[in-house]
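Only one structure is covered here, and it is reproduced in the block below.
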Protein chains: 2
Amino acid sequence: MNKEDQLIARIQKRLSLRGGGTDRDAGLSLGSGDDACVLRATPGREWVASADAFLENVHFVRRLHPPASIGYKALARATSDLAAMGAKPRSYLLSLALPTRLPKRWLDGFLAGMARAARKFGMGLAGGDTSRAPAIAINLTVLGEVRKGRALLRSGARPGDRIFVTGHLGAAQLGLEIILRRLSGQANLRRYLVPHLHPDPPIALAQWLSRRELPSSMMDLSDGLSTDLDRLCRSSGVGASVREASLPLIRVPDSLVHRGFSIPNLALHGGEDYQLLFTVPARAASRIPPTRDGVRITEIGEIVRGRDVLLISADGKSAPLTPRGWDHFSRTRARPK
Amino acid sequence: MNKEDQLIARIQKRLSLRGGGTDRDAGLSLGSGDDACVLRATPGREWVASADAFLENVHFVRRLHPPASIGYKALARATSDLAAMGAKPRSYLLSLALPTRLPKRWLDGFLAGMARAARKFGMGLAGGDTSRAPAIAINLTVLGEVRKGRALLRSGARPGDRIFVTGHLGAAQLGLEIILRRLSGQANLRRYLVPHLHPDPPIALAQWLSRRELPSSMMDLSDGLSTDLDRLCRSSGVGASVREASLPLIRVPDSLVHRGFSIPNLALHGGEDYQLLFTVPARAASRIPPTRDGVRITEIGEIVRGRDVLLISADGKSAPLTPRGWDHFSRTRARPK
């Protein structure tokens, strides 16, 4: 067995649900260890697939982020895309590129974090590949199942639909900024790191919404409300009107506000929340509870005709809500370094 | 539309089969542009999935490899894993990380090469993601369909089975070494670059073998015969005996032999051929033709009891065939830099 095969065997052992190649619980006819995995066909269901890169010095920094968080978050953020379709997460492929001089305990921590996410989301390792590279490069392909024809798309929002979000917006970005400003050592701020280090996409809630056929459209909030709502509106060919006073803001100690943290700006533009953004026809909006499975659900506005996305302030003034969330290819945005 | 969305729109336009999001020809209920794609369920068929990283300064070097070759090869080498299962390639997810200062013409060339591979293999873009990174990082997830329960595995080889390979072994490694030794300017050597720059996995042949149910096991040759045959044997719990005189060697000008190129060593250990390695029960071996669809097929030995993989030389001596193919994590192997 060459060194690469030894590494693969170690990954398989740490990540497979039962240590075996085939794992029916992960929806597979054939699991990891062959040239490809085989997805079991279940009558009345369709497979859903999404891929996501998680790269050192781009999405995370080795000296700032614990390896267990990197492993956990790599899978959690990819799985958020399955939740956004209303799909049940089943399995994942891991492409892992590692530097030569990476300490063994880094890999152990990383795999423990990913195994934790896999258990939490009920997913089994289906395959992947390994290579050596100057910087850590993680690529996750996530596979889930959805009832045939029932995937929840971005394109179904219609004028009059109510707009909902889950969780507290901007919580992940707040955690990142606490780390970047070297405040993470303060005991009273530590709990604000959790949404950044260990995001918790509301998968059960997404499946409940899908089963009830409540949303007319749905997507996950990965790049910030202003950017993601703009995407949903363009996909659906509609506009939107968001009430600033309705946004579910994070509550923080005054000390953070005094340091210049703008909680409303984080809510509008902060990325990586991995919460849900969805719309519901007005007649069904009352069927959306204020919380479910411990997740807060908030109505923040409504879909309108046209193409404009507007923010209505508390005093009733409206202004365009310009996309100012995460953009990898804009030179004006800060990056997590 | 932010810059990332503009880049995504450009990629989608260049790579989608018909320029549309949904593409039934790619086996999809929903194509690229949403949080995830949806794979259409076809009665009697199962989906097969594999993921493969293709990284700058690891798998390719920007100043040595043309962008069209990088785009073509990224998809071809991933698709080789689908061929190895006997699957029909349908669609793919592209995760693409690009440096800021990459010339526009590099991306155009890259996308043209990938589009060429996608047309050749009959695949449509199903999704993916983009990020900015210091070096180019390409991750392909390929999706194909196979008749239910008929995927060809590595684990089915039995003692007495005959071992076959397609193509000429070591052809891709020869091309790489011609480039690394700065010989690629020589007109009479240019054709030897093709298997390295534009590998051609025998997909139609693999599906023909699968339909006829001839192979007892199959995999692709990606890391060299010695390494891949060892993997097949370990998966199947068997040994193998390979006749050195039967190996389908590349024919090269004497000038290359005089420069120290060892054609038999390339055949035994050279990586990236993306040809097939398969076994067939002895009683069915005569049904394997010497060529099909223009691809040469060669019987090189047989599966034996035990765990040893042996190489039988022309004078009848046998010696262990030690895995000496591509190993990302061995420090003793040259890498393509």
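We name chains A, B, ... following the order of the structure tokens; residues begin at 1 in each chain, and ligands are numbered from 1 as shown.
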Subject >> Within 6 Å of stretch 198-211 of chain B using only C-alpha atoms, minus same-chain residues under 2 positions, as a count of residues only >> reply: 11
**OP:** Mind the document's chain letters and residue numbers, and return as a ChimeraX atom specification the residues of stretch 3-208 of chain B that DSSP labels strand (DSSP E).
**Re:** /B:28-30,37-39,45-55,88-98,124-132,137-147,162-166
Subject >> stretch 125-137 of chain A environment, 8 Å, only C-alpha atoms, sequence neighbours closer than 4 positions dropped, as JSON, numbers by chain >> reply: {"A": [4, 8, 12, 15, 16, 17, 26, 28, 30, 31, 32, 33, 34, 36, 37, 53, 54, 55, 56, 91, 92, 93, 94, 95, 96, 97, 98, 99, 100], "B": [50, 51, 52, 53, 55, 57, 58, 328, 329]}
Original post:
Using only C-alpha atoms, which of the listed residues (A:Ile138, A:Val242, A:Val257, A:Leu107) sits closest to chain B?
Top reply: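 Of the candidates, the smallest distance to chain B is held by A:Ile138.
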Original post:
When DSSP works through the backbone of this structure, what residues of stretch 29-137 of chain B end up as alpha helix (DSSP H), shown as number ranges by chain?
Top reply: B: 67-84, 104-121
Restricting it to N, CA and C atoms, dump the selection as a short mmCIF file (atom, residue, chain, number, x, y, z; two decimals), in the first residue's frame.
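The resulting file, out-v4.cif, is shown below:
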```cif
data_model
loop_
_atom_site.label_atom_id
_atom_site.label_comp_id
_atom_site.auth_asym_id
_atom_site.auth_seq_id
_atom_site.Cartn_x
_atom_site.Cartn_y
_atom_site.Cartn_z
N PRO B 67 -3.88 26.38 -21.64
CA PRO B 67 -5.15 26.42 -20.88
C PRO B 67 -6.20 25.48 -21.45
N ALA B 68 -6.26 25.33 -22.78
CA ALA B 68 -7.27 24.44 -23.37
C ALA B 68 -7.02 22.99 -22.95
N SER B 69 -5.73 22.61 -22.83
CA SER B 69 -5.42 21.26 -22.37
C SER B 69 -5.84 21.08 -20.92
N ILE B 70 -5.60 22.11 -20.10
CA ILE B 70 -5.96 22.02 -18.67
C ILE B 70 -7.47 21.85 -18.51
N GLY B 71 -8.26 22.63 -19.27
CA GLY B 71 -9.71 22.51 -19.20
C GLY B 71 -10.20 21.16 -19.70
N TYR B 72 -9.63 20.73 -20.83
CA TYR B 72 -10.02 19.43 -21.40
C TYR B 72 -9.68 18.30 -20.43
N LYS B 73 -8.42 18.33 -19.97
CA LYS B 73 -7.92 17.20 -19.18
C LYS B 73 -8.59 17.10 -17.81
N ALA B 74 -8.91 18.26 -17.21
CA ALA B 74 -9.58 18.26 -15.90
C ALA B 74 -10.86 17.42 -15.98
N LEU B 75 -11.62 17.62 -17.05
CA LEU B 75 -12.87 16.87 -17.18
C LEU B 75 -12.62 15.44 -17.66
N ALA B 76 -11.65 15.26 -18.57
CA ALA B 76 -11.40 13.91 -19.12
C ALA B 76 -10.95 12.96 -18.02
N ARG B 77 -10.03 13.40 -17.16
CA ARG B 77 -9.49 12.50 -16.15
C ARG B 77 -10.54 12.15 -15.10
N ALA B 78 -11.43 13.10 -14.81
CA ALA B 78 -12.51 12.79 -13.86
C ALA B 78 -13.49 11.80 -14.50
N THR B 79 -13.78 12.03 -15.77
CA THR B 79 -14.75 11.18 -16.48
C THR B 79 -14.23 9.76 -16.65
N SER B 80 -12.91 9.62 -16.67
CA SER B 80 -12.31 8.29 -16.75
C SER B 80 -12.80 7.39 -15.61
N ASP B 81 -13.07 7.98 -14.45
CA ASP B 81 -13.60 7.20 -13.32
C ASP B 81 -15.01 6.69 -13.59
N LEU B 82 -15.79 7.44 -14.35
CA LEU B 82 -17.13 6.97 -14.72
C LEU B 82 -17.01 5.82 -15.72
N ALA B 83 -16.11 5.99 -16.71
CA ALA B 83 -15.88 4.92 -17.69
C ALA B 83 -15.51 3.63 -16.97
N ALA B 84 -14.68 3.77 -15.94
CA ALA B 84 -14.19 2.59 -15.22
C ALA B 84 -15.31 1.81 -14.53
N LYS B 104 -7.71 37.18 -19.04
CA LYS B 104 -9.00 36.73 -19.53
C LYS B 104 -8.84 35.61 -20.57
N ARG B 105 -7.80 35.71 -21.39
CA ARG B 105 -7.65 34.68 -22.43
C ARG B 105 -7.31 33.31 -21.83
N TRP B 106 -6.70 33.29 -20.64
CA TRP B 106 -6.46 32.00 -20.01
C TRP B 106 -7.81 31.33 -19.71
N LEU B 107 -8.73 32.08 -19.10
CA LEU B 107 -10.04 31.52 -18.75
C LEU B 107 -10.80 31.10 -20.01
N ASP B 108 -10.72 31.93 -21.05
CA ASP B 108 -11.40 31.57 -22.31
C ASP B 108 -10.86 30.25 -22.87
N GLY B 109 -9.54 30.12 -22.88
CA GLY B 109 -8.92 28.88 -23.39
C GLY B 109 -9.32 27.68 -22.53
N PHE B 110 -9.29 27.89 -21.22
CA PHE B 110 -9.65 26.83 -20.28
C PHE B 110 -11.09 26.36 -20.52
N LEU B 111 -12.01 27.32 -20.63
CA LEU B 111 -13.43 26.97 -20.82
C LEU B 111 -13.65 26.31 -22.18
N ALA B 112 -12.91 26.77 -23.20
CA ALA B 112 -13.04 26.15 -24.53
C ALA B 112 -12.59 24.69 -24.47
N GLY B 113 -11.50 24.43 -23.75
CA GLY B 113 -11.01 23.05 -23.61
C GLY B 113 -12.01 22.18 -22.86
N MET B 114 -12.58 22.74 -21.79
CA MET B 114 -13.55 21.96 -21.02
C MET B 114 -14.83 21.72 -21.84
N ALA B 115 -15.25 22.73 -22.58
CA ALA B 115 -16.44 22.57 -23.43
C ALA B 115 -16.20 21.48 -24.48
N ARG B 116 -14.96 21.43 -25.01
CA ARG B 116 -14.63 20.40 -26.00
C ARG B 116 -14.75 19.00 -25.38
N ALA B 117 -14.21 18.85 -24.18
CA ALA B 117 -14.31 17.55 -23.49
C ALA B 117 -15.77 17.21 -23.21
N ALA B 118 -16.54 18.20 -22.77
CA ALA B 118 -17.95 17.96 -22.42
C ALA B 118 -18.74 17.50 -23.65
N ARG B 119 -18.48 18.15 -24.80
CA ARG B 119 -19.16 17.72 -26.04
C ARG B 119 -18.75 16.30 -26.41
N LYS B 120 -17.45 16.04 -26.33
CA LYS B 120 -16.93 14.71 -26.70
C LYS B 120 -17.55 13.61 -25.84
N PHE B 121 -17.67 13.88 -24.53
CA PHE B 121 -18.18 12.85 -23.62
C PHE B 121 -19.69 12.93 -23.45
#
```
Subject >> Polymer residues at most 12 Å from A:Leu232, only C-alpha atoms, same-chain spacing of 2 or more positions, as a count of residues only >> reply: 40
Subject >> Among listed residues A:Arg292, A:Arg287, A:His168, A:Arg324, nearest chain B (using only C-alpha atoms) >> reply: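 When distances to chain B are compared using only C-alpha atoms, the smallest one comes from A:Arg324.
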Original post:
What's the 9 Å shell around A:Pro43, counting only C-alpha atoms, without same-chain residues fewer than 4 positions away, as a list in words?
Top reply: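 With the cut-off at 9 Å, the set is Lys148 of chain A; Ala41 and Pro43 of chain B.
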Original post:
What is the atom CA of B:Ala314-atom CA of B:Gly301 distance in Å, reported with one decimal?
Top reply: 12.8 Å
Subject >> Which residue of A:Leu256, A:Leu169, A:Val48, A:Ile297 approaches A:Ala151 most closely, using only C-alpha atoms >> reply: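 Nearest candidate to A:Ala151 out of A:Leu256, A:Leu169, A:Val48, A:Ile297: A:Val48.
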